[in-house]
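Asker: Sharing work-v6.txt (compact mmCIF, N, CA and C atoms) below.
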# COMPACT_ATOMS: atom_id res chain seq x y z
N MET A 1 1.31 -0.75 -19.11
CA MET A 1 1.97 -0.49 -17.85
C MET A 1 0.93 -0.07 -16.82
N PRO A 2 0.85 -0.76 -15.69
CA PRO A 2 -0.12 -0.39 -14.66
C PRO A 2 0.17 0.99 -14.07
N GLU A 3 -0.90 1.68 -13.67
CA GLU A 3 -0.80 2.99 -13.06
C GLU A 3 -1.44 2.93 -11.67
N VAL A 4 -0.74 3.52 -10.68
CA VAL A 4 -1.26 3.56 -9.32
C VAL A 4 -1.73 4.99 -9.02
N THR A 5 -2.94 5.09 -8.52
CA THR A 5 -3.51 6.38 -8.15
C THR A 5 -4.05 6.29 -6.73
N LYS A 6 -4.13 7.45 -6.08
CA LYS A 6 -4.69 7.52 -4.73
C LYS A 6 -6.13 8.00 -4.83
N ASN A 7 -7.03 7.19 -4.34
CA ASN A 7 -8.45 7.51 -4.35
C ASN A 7 -8.82 7.95 -2.93
N ASN A 8 -8.77 9.26 -2.68
CA ASN A 8 -9.04 9.78 -1.34
C ASN A 8 -10.47 9.50 -0.89
N ALA A 9 -11.42 9.54 -1.80
CA ALA A 9 -12.82 9.33 -1.45
C ALA A 9 -13.05 7.94 -0.86
N LEU A 10 -12.35 6.95 -1.38
CA LEU A 10 -12.50 5.58 -0.90
C LEU A 10 -11.38 5.17 0.07
N GLN A 11 -10.47 6.07 0.34
CA GLN A 11 -9.32 5.82 1.20
C GLN A 11 -8.57 4.56 0.77
N ARG A 12 -8.14 4.60 -0.49
CA ARG A 12 -7.36 3.48 -1.00
C ARG A 12 -6.52 3.93 -2.18
N TYR A 13 -5.43 3.20 -2.37
CA TYR A 13 -4.62 3.34 -3.56
C TYR A 13 -5.10 2.27 -4.52
N GLU A 14 -5.22 2.63 -5.79
CA GLU A 14 -5.73 1.70 -6.79
C GLU A 14 -4.69 1.50 -7.89
N ILE A 15 -4.63 0.29 -8.40
CA ILE A 15 -3.76 0.01 -9.54
C ILE A 15 -4.66 -0.37 -10.72
N HIS A 16 -4.46 0.35 -11.83
CA HIS A 16 -5.26 0.16 -13.04
C HIS A 16 -4.35 -0.12 -14.23
N GLU A 17 -4.90 -0.80 -15.20
CA GLU A 17 -4.23 -0.95 -16.48
C GLU A 17 -5.32 -0.96 -17.55
N ASP A 18 -5.17 -0.09 -18.53
CA ASP A 18 -6.15 0.03 -19.61
C ASP A 18 -7.57 0.21 -19.07
N GLY A 19 -7.71 1.02 -18.01
CA GLY A 19 -9.01 1.31 -17.44
C GLY A 19 -9.57 0.22 -16.54
N GLN A 20 -8.85 -0.87 -16.38
CA GLN A 20 -9.31 -2.01 -15.58
C GLN A 20 -8.69 -1.94 -14.19
N LEU A 21 -9.51 -2.04 -13.15
CA LEU A 21 -9.01 -2.09 -11.78
C LEU A 21 -8.40 -3.45 -11.52
N LEU A 22 -7.10 -3.47 -11.21
CA LEU A 22 -6.40 -4.72 -10.94
C LEU A 22 -6.37 -5.05 -9.45
N GLY A 23 -6.41 -4.01 -8.62
CA GLY A 23 -6.37 -4.23 -7.18
C GLY A 23 -6.31 -2.90 -6.45
N PHE A 24 -6.27 -3.00 -5.12
CA PHE A 24 -6.19 -1.78 -4.31
C PHE A 24 -5.58 -2.10 -2.95
N ALA A 25 -5.09 -1.05 -2.31
CA ALA A 25 -4.58 -1.11 -0.94
C ALA A 25 -5.31 -0.04 -0.14
N ALA A 26 -6.07 -0.48 0.85
CA ALA A 26 -6.78 0.47 1.71
C ALA A 26 -5.78 1.17 2.61
N TYR A 27 -6.08 2.41 2.97
CA TYR A 27 -5.23 3.14 3.91
C TYR A 27 -6.10 3.90 4.89
N ARG A 28 -5.48 4.25 6.00
CA ARG A 28 -6.15 5.06 7.01
C ARG A 28 -5.11 5.98 7.60
N ASP A 29 -5.37 7.28 7.57
CA ASP A 29 -4.45 8.25 8.15
C ASP A 29 -4.60 8.24 9.67
N LEU A 30 -3.48 8.07 10.35
CA LEU A 30 -3.44 8.06 11.81
C LEU A 30 -2.70 9.30 12.29
N PRO A 31 -2.72 9.56 13.58
CA PRO A 31 -1.98 10.72 14.09
C PRO A 31 -0.47 10.62 13.85
N ASP A 32 0.18 11.75 13.94
CA ASP A 32 1.64 11.84 13.88
C ASP A 32 2.25 11.35 12.57
N GLY A 33 1.54 11.54 11.47
CA GLY A 33 2.11 11.21 10.17
C GLY A 33 2.25 9.72 9.89
N VAL A 34 1.40 8.92 10.51
CA VAL A 34 1.42 7.47 10.28
C VAL A 34 0.24 7.11 9.38
N VAL A 35 0.51 6.26 8.40
CA VAL A 35 -0.52 5.75 7.50
C VAL A 35 -0.65 4.25 7.73
N GLU A 36 -1.82 3.83 8.15
CA GLU A 36 -2.06 2.39 8.33
C GLU A 36 -2.47 1.79 6.99
N LEU A 37 -1.87 0.65 6.66
CA LEU A 37 -2.26 -0.11 5.47
C LEU A 37 -2.86 -1.43 5.98
N PRO A 38 -4.20 -1.47 6.12
CA PRO A 38 -4.83 -2.64 6.75
C PRO A 38 -5.24 -3.76 5.79
N HIS A 39 -5.30 -3.47 4.49
CA HIS A 39 -5.89 -4.48 3.59
C HIS A 39 -5.44 -4.23 2.16
N THR A 40 -5.03 -5.30 1.51
CA THR A 40 -4.64 -5.23 0.09
C THR A 40 -5.41 -6.29 -0.67
N VAL A 41 -5.93 -5.92 -1.83
CA VAL A 41 -6.69 -6.85 -2.67
C VAL A 41 -6.15 -6.79 -4.09
N VAL A 42 -5.89 -7.96 -4.66
CA VAL A 42 -5.58 -8.08 -6.08
C VAL A 42 -6.66 -8.97 -6.68
N GLU A 43 -7.27 -8.50 -7.75
CA GLU A 43 -8.30 -9.30 -8.41
C GLU A 43 -7.72 -10.67 -8.79
N PRO A 44 -8.49 -11.74 -8.58
CA PRO A 44 -7.98 -13.09 -8.81
C PRO A 44 -7.33 -13.31 -10.19
N ALA A 45 -7.86 -12.67 -11.21
CA ALA A 45 -7.30 -12.85 -12.56
C ALA A 45 -5.88 -12.30 -12.68
N TYR A 46 -5.46 -11.44 -11.74
CA TYR A 46 -4.15 -10.79 -11.82
C TYR A 46 -3.19 -11.26 -10.74
N GLU A 47 -3.62 -12.21 -9.91
CA GLU A 47 -2.74 -12.72 -8.86
C GLU A 47 -1.55 -13.44 -9.47
N GLY A 48 -0.41 -13.36 -8.77
CA GLY A 48 0.79 -14.05 -9.23
C GLY A 48 1.52 -13.36 -10.36
N ARG A 49 1.13 -12.14 -10.70
CA ARG A 49 1.76 -11.40 -11.80
C ARG A 49 2.55 -10.18 -11.31
N GLY A 50 2.73 -10.07 -10.00
CA GLY A 50 3.49 -8.94 -9.46
C GLY A 50 2.67 -7.68 -9.28
N VAL A 51 1.36 -7.77 -9.45
CA VAL A 51 0.51 -6.60 -9.32
C VAL A 51 0.54 -6.05 -7.89
N GLY A 52 0.42 -6.94 -6.91
CA GLY A 52 0.44 -6.51 -5.52
C GLY A 52 1.75 -5.84 -5.15
N SER A 53 2.84 -6.40 -5.59
CA SER A 53 4.16 -5.81 -5.30
C SER A 53 4.31 -4.45 -5.97
N ALA A 54 3.87 -4.34 -7.21
CA ALA A 54 3.94 -3.04 -7.91
C ALA A 54 3.09 -2.00 -7.20
N LEU A 55 1.92 -2.42 -6.74
CA LEU A 55 1.03 -1.52 -6.02
C LEU A 55 1.69 -1.03 -4.73
N ILE A 56 2.19 -1.94 -3.93
CA ILE A 56 2.77 -1.57 -2.64
C ILE A 56 4.04 -0.75 -2.82
N LYS A 57 4.82 -1.05 -3.81
CA LYS A 57 6.02 -0.25 -4.08
C LYS A 57 5.63 1.21 -4.36
N ALA A 58 4.60 1.42 -5.15
CA ALA A 58 4.14 2.78 -5.46
C ALA A 58 3.53 3.45 -4.23
N VAL A 59 2.78 2.69 -3.43
CA VAL A 59 2.19 3.23 -2.21
C VAL A 59 3.28 3.70 -1.26
N LEU A 60 4.29 2.86 -1.06
CA LEU A 60 5.39 3.22 -0.15
C LEU A 60 6.15 4.43 -0.65
N ALA A 61 6.33 4.53 -1.96
CA ALA A 61 7.01 5.71 -2.52
C ALA A 61 6.20 6.97 -2.23
N ASP A 62 4.88 6.89 -2.36
CA ASP A 62 4.03 8.05 -2.09
C ASP A 62 4.07 8.43 -0.61
N ILE A 63 4.02 7.44 0.25
CA ILE A 63 4.06 7.70 1.69
C ILE A 63 5.41 8.31 2.07
N ARG A 64 6.48 7.79 1.50
CA ARG A 64 7.81 8.34 1.76
C ARG A 64 7.89 9.79 1.28
N ALA A 65 7.37 10.07 0.09
CA ALA A 65 7.42 11.42 -0.47
C ALA A 65 6.67 12.42 0.41
N ASP A 66 5.63 11.94 1.10
CA ASP A 66 4.87 12.80 2.01
C ASP A 66 5.52 12.93 3.38
N GLY A 67 6.61 12.20 3.61
CA GLY A 67 7.30 12.26 4.89
C GLY A 67 6.60 11.50 6.00
N HIS A 68 5.77 10.54 5.64
CA HIS A 68 5.02 9.75 6.61
C HIS A 68 5.66 8.39 6.85
N ARG A 69 5.10 7.67 7.83
CA ARG A 69 5.53 6.30 8.13
C ARG A 69 4.36 5.36 7.95
N VAL A 70 4.63 4.06 7.94
CA VAL A 70 3.64 3.04 7.63
C VAL A 70 3.42 2.12 8.83
N LEU A 71 2.16 1.89 9.14
CA LEU A 71 1.78 0.84 10.08
C LEU A 71 1.16 -0.25 9.22
N ALA A 72 1.89 -1.34 9.05
CA ALA A 72 1.47 -2.42 8.16
C ALA A 72 0.68 -3.47 8.94
N THR A 73 -0.64 -3.32 8.96
CA THR A 73 -1.48 -4.32 9.62
C THR A 73 -1.98 -5.36 8.61
N CYS A 74 -1.73 -5.14 7.35
CA CYS A 74 -2.01 -6.11 6.29
C CYS A 74 -0.83 -7.07 6.20
N ARG A 75 -1.10 -8.37 6.19
CA ARG A 75 -0.01 -9.36 6.14
C ARG A 75 0.82 -9.22 4.86
N PHE A 76 0.17 -8.92 3.75
CA PHE A 76 0.91 -8.78 2.50
C PHE A 76 1.90 -7.62 2.59
N VAL A 77 1.45 -6.48 3.11
CA VAL A 77 2.32 -5.31 3.24
C VAL A 77 3.44 -5.59 4.24
N ALA A 78 3.11 -6.21 5.35
CA ALA A 78 4.14 -6.54 6.35
C ALA A 78 5.19 -7.46 5.75
N GLY A 79 4.77 -8.44 4.99
CA GLY A 79 5.70 -9.34 4.33
C GLY A 79 6.57 -8.62 3.31
N TYR A 80 5.97 -7.70 2.57
CA TYR A 80 6.72 -6.92 1.59
C TYR A 80 7.80 -6.11 2.31
N LEU A 81 7.44 -5.47 3.41
CA LEU A 81 8.42 -4.70 4.17
C LEU A 81 9.53 -5.59 4.71
N ASP A 82 9.19 -6.78 5.15
CA ASP A 82 10.20 -7.72 5.65
C ASP A 82 11.19 -8.11 4.56
N ARG A 83 10.71 -8.26 3.33
CA ARG A 83 11.56 -8.67 2.20
C ARG A 83 12.33 -7.51 1.57
N HIS A 84 11.97 -6.28 1.93
CA HIS A 84 12.60 -5.11 1.31
C HIS A 84 13.12 -4.16 2.40
N PRO A 85 14.32 -4.43 2.90
CA PRO A 85 14.86 -3.62 4.00
C PRO A 85 15.07 -2.15 3.64
N GLU A 86 15.03 -1.81 2.36
CA GLU A 86 15.19 -0.41 1.97
C GLU A 86 14.02 0.46 2.44
N TYR A 87 12.94 -0.18 2.93
CA TYR A 87 11.79 0.55 3.46
C TYR A 87 11.74 0.53 4.98
N ALA A 88 12.77 0.04 5.64
CA ALA A 88 12.77 -0.08 7.10
C ALA A 88 12.51 1.26 7.78
N ASP A 89 12.99 2.34 7.19
CA ASP A 89 12.81 3.66 7.79
C ASP A 89 11.34 4.12 7.80
N LEU A 90 10.50 3.48 7.01
CA LEU A 90 9.10 3.87 6.94
C LEU A 90 8.24 3.16 7.98
N ARG A 91 8.75 2.10 8.55
CA ARG A 91 7.93 1.25 9.42
C ARG A 91 7.66 1.92 10.76
N ALA A 92 6.39 2.03 11.10
CA ALA A 92 5.95 2.52 12.40
C ALA A 92 5.48 1.33 13.21
N THR A 93 5.56 1.44 14.50
CA THR A 93 5.05 0.40 15.37
C THR A 93 3.74 0.86 15.99
N ARG A 94 2.96 -0.07 16.44
CA ARG A 94 1.69 0.27 17.05
C ARG A 94 1.89 1.15 18.28
N GLN A 95 3.00 0.95 19.01
CA GLN A 95 3.29 1.78 20.18
C GLN A 95 3.53 3.22 19.79
N ALA A 96 4.05 3.44 18.57
CA ALA A 96 4.36 4.79 18.11
C ALA A 96 3.12 5.55 17.65
N VAL A 97 2.02 4.83 17.53
CA VAL A 97 0.79 5.45 17.00
C VAL A 97 -0.03 6.06 18.10
Represent the structure of the file as C-alpha cells.
Answerer:
Amino acid sequence: MPEVTKNNALQRYEIHEDGQLLGFAAYRDLPDGVVELPHTVVEPAYEGRGVGSALIKAVLADIRADGHRVLATCRFVAGYLDRHPEYADLRATRQAV
C-alpha cells in the first residue's frame, strides 16, 4: 500500500511504496492559507496505475485538514479537481491569492 508523506525540506508531498519513490507533488505556501500545487510527477514505471490520483487525494485531504485552500496550477491537479466536485470548496482562484 503506497504511503504519502509531506517533505517540508523539498516542499513536496511524496508517495512511496516499499521504500521506493513513486512520485511527488510540489507545493508552495502562499498568503492567506492558500497552497499552490504547481507540478506533479509520477515515475514512468508507475504511470497509469492510479499513483497520481492516490497522491493528490492524500494531498487534498492534508490541505483540507489544515483548513487551507488549493491553487491548482498543475494541469493534473486541476483536472483531478474538475473530476471530483467534492473538493470544490478547496479551490482558490488566482485573484484570491
Asker: Sorted by chain and rising residue number, list the residues of region 25-62 of chain A at most 6 Å from region 7-21 of chain A (counting all atoms listed in the file), each with its closest atom pair and distance in Å to one decimal, as a tab-separated table.
Answerer:
residue	atom	partner	partner_atom	distance
A:Ala25	C	A:Tyr13	N	3.9
A:Ala26	CA	A:Arg12	CA	4.1
A:Tyr27	N	A:Gln11	C	4.0
Asker: Do a neighbour search on Leu71 (chain A) at 6.5 Å with all atoms listed in the file, toss out local chain neighbours closer than 6 positions, and write the hits as a count of residues only.
Answerer: 9
Asker: Hey, can you check how far atom C of Thr5 (chain A) sits from atom C of Gly52 (chain A)?
Answerer: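 Interatomic distance, atom C of Thr5 (chain A) to atom C of Gly52 (chain A): 13.5 Å.
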Asker: Once DSSP has gone over the backbone, tell me which residues of chain A are in helix (DSSP H, G or I), as a CSV table (one decimal) with N, CA and C atoms, in the coordinates of the input.
Answerer:
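Dumped to part19.csv:
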chain,number,residue,atom,x,y,z
A,31,PRO,N,-2.7,9.6,13.6
A,31,PRO,CA,-2.0,10.7,14.1
A,31,PRO,C,-0.5,10.6,13.8
A,32,ASP,N,0.2,11.8,13.9
A,32,ASP,CA,1.6,11.8,13.9
A,32,ASP,C,2.2,11.4,12.6
A,33,GLY,N,1.5,11.5,11.5
A,33,GLY,CA,2.1,11.2,10.2
A,33,GLY,C,2.2,9.7,9.9
A,44,PRO,N,-8.5,-11.7,-8.6
A,44,PRO,CA,-8.0,-13.1,-8.8
A,44,PRO,C,-7.3,-13.3,-10.2
A,45,ALA,N,-7.9,-12.7,-11.2
A,45,ALA,CA,-7.3,-12.8,-12.6
A,45,ALA,C,-5.9,-12.3,-12.7
A,46,TYR,N,-5.5,-11.4,-11.7
A,46,TYR,CA,-4.2,-10.8,-11.8
A,46,TYR,C,-3.2,-11.3,-10.7
A,51,VAL,N,1.4,-7.8,-9.4
A,51,VAL,CA,0.5,-6.6,-9.3
A,51,VAL,C,0.5,-6.0,-7.9
A,52,GLY,N,0.4,-6.9,-6.9
A,52,GLY,CA,0.4,-6.5,-5.5
A,52,GLY,C,1.8,-5.8,-5.2
A,53,SER,N,2.8,-6.4,-5.6
A,53,SER,CA,4.2,-5.8,-5.3
A,53,SER,C,4.3,-4.4,-6.0
A,54,ALA,N,3.9,-4.3,-7.2
A,54,ALA,CA,3.9,-3.0,-7.9
A,54,ALA,C,3.1,-2.0,-7.2
A,55,LEU,N,1.9,-2.4,-6.7
A,55,LEU,CA,1.0,-1.5,-6.0
A,55,LEU,C,1.7,-1.0,-4.7
A,56,ILE,N,2.2,-1.9,-3.9
A,56,ILE,CA,2.8,-1.6,-2.6
A,56,ILE,C,4.0,-0.8,-2.8
A,57,LYS,N,4.8,-1.0,-3.8
A,57,LYS,CA,6.0,-0.2,-4.1
A,57,LYS,C,5.6,1.2,-4.4
A,58,ALA,N,4.6,1.4,-5.2
A,58,ALA,CA,4.1,2.8,-5.5
A,58,ALA,C,3.5,3.4,-4.2
A,59,VAL,N,2.8,2.7,-3.4
A,59,VAL,CA,2.2,3.2,-2.2
A,59,VAL,C,3.3,3.7,-1.3
A,60,LEU,N,4.3,2.9,-1.1
A,60,LEU,CA,5.4,3.2,-0.2
A,60,LEU,C,6.2,4.4,-0.6
A,61,ALA,N,6.3,4.5,-2.0
A,61,ALA,CA,7.0,5.7,-2.5
A,61,ALA,C,6.2,7.0,-2.2
A,62,ASP,N,4.9,6.9,-2.4
A,62,ASP,CA,4.0,8.0,-2.1
A,62,ASP,C,4.1,8.4,-0.6
A,63,ILE,N,4.0,7.4,0.2
A,63,ILE,CA,4.1,7.7,1.7
A,63,ILE,C,5.4,8.3,2.1
A,64,ARG,N,6.5,7.8,1.5
A,64,ARG,CA,7.8,8.3,1.8
A,64,ARG,C,7.9,9.8,1.3
A,65,ALA,N,7.4,10.1,0.1
A,65,ALA,CA,7.4,11.4,-0.5
A,65,ALA,C,6.7,12.4,0.4
A,75,ARG,N,-1.1,-8.4,6.2
A,75,ARG,CA,0.0,-9.4,6.1
A,75,ARG,C,0.8,-9.2,4.9
A,76,PHE,N,0.2,-8.9,3.8
A,76,PHE,CA,0.9,-8.8,2.5
A,76,PHE,C,1.9,-7.6,2.6
A,77,VAL,N,1.4,-6.5,3.1
A,77,VAL,CA,2.3,-5.3,3.2
A,77,VAL,C,3.4,-5.6,4.2
A,78,ALA,N,3.1,-6.2,5.4
A,78,ALA,CA,4.1,-6.5,6.4
A,78,ALA,C,5.2,-7.5,5.8
A,79,GLY,N,4.8,-8.4,5.0
A,79,GLY,CA,5.7,-9.3,4.3
A,79,GLY,C,6.6,-8.6,3.3
A,80,TYR,N,6.0,-7.7,2.6
A,80,TYR,CA,6.7,-6.9,1.6
A,80,TYR,C,7.8,-6.1,2.3
A,81,LEU,N,7.4,-5.5,3.4
A,81,LEU,CA,8.4,-4.7,4.2
A,81,LEU,C,9.5,-5.6,4.7
A,82,ASP,N,9.2,-6.8,5.2
A,82,ASP,CA,10.2,-7.7,5.6
A,82,ASP,C,11.2,-8.1,4.6
A,83,ARG,N,10.7,-8.3,3.3
A,83,ARG,CA,11.6,-8.7,2.2
A,83,ARG,C,12.3,-7.5,1.6
A,85,PRO,N,14.3,-4.4,2.9
A,85,PRO,CA,14.9,-3.6,4.0
A,85,PRO,C,15.1,-2.2,3.6
A,86,GLU,N,15.0,-1.8,2.4
A,86,GLU,CA,15.2,-0.4,2.0
A,86,GLU,C,14.0,0.5,2.4
A,87,TYR,N,12.9,-0.2,2.9
A,87,TYR,CA,11.8,0.6,3.5
A,87,TYR,C,11.7,0.5,5.0
A,88,ALA,N,12.8,0.0,5.6
A,88,ALA,CA,12.8,-0.1,7.1
A,88,ALA,C,12.5,1.3,7.8
A,89,ASP,N,13.0,2.3,7.2
A,89,ASP,CA,12.8,3.7,7.8
A,89,ASP,C,11.3,4.1,7.8
A,90,LEU,N,10.5,3.5,7.0
A,90,LEU,CA,9.1,3.9,6.9
A,90,LEU,C,8.2,3.2,8.0
A,94,ARG,N,3.0,-0.1,16.4
A,94,ARG,CA,1.7,0.3,17.0
A,94,ARG,C,1.9,1.2,18.3
A,95,GLN,N,3.0,1.0,19.0
A,95,GLN,CA,3.3,1.8,20.2
A,95,GLN,C,3.5,3.2,19.8
A,96,ALA,N,4.0,3.4,18.6
A,96,ALA,CA,4.4,4.8,18.1
A,96,ALA,C,3.1,5.6,17.6
Asker: Between A:Cys74, A:Asp29, A:Gly23, A:His84, which one has atoms that come closest to Val51 (chain A), using only C-alpha atoms?
Answerer: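 With only C-alpha atoms as the atom set, the closest residue is A:Gly23.
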Asker: Using Å and a single decimal, report how far atom C of Phe24 (chain A) sits from CA of Thr40 (chain A).
Answerer: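 One can read the CA of Thr40 (chain A) to atom C of Phe24 (chain A) distance as 4.5 Å.
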Asker: Using only N, CA and C atoms, which of A:Met1, A:Arg94, A:Val59, A:Leu30 sits nearest Ala72 (chain A)?
Answerer: A:Arg94
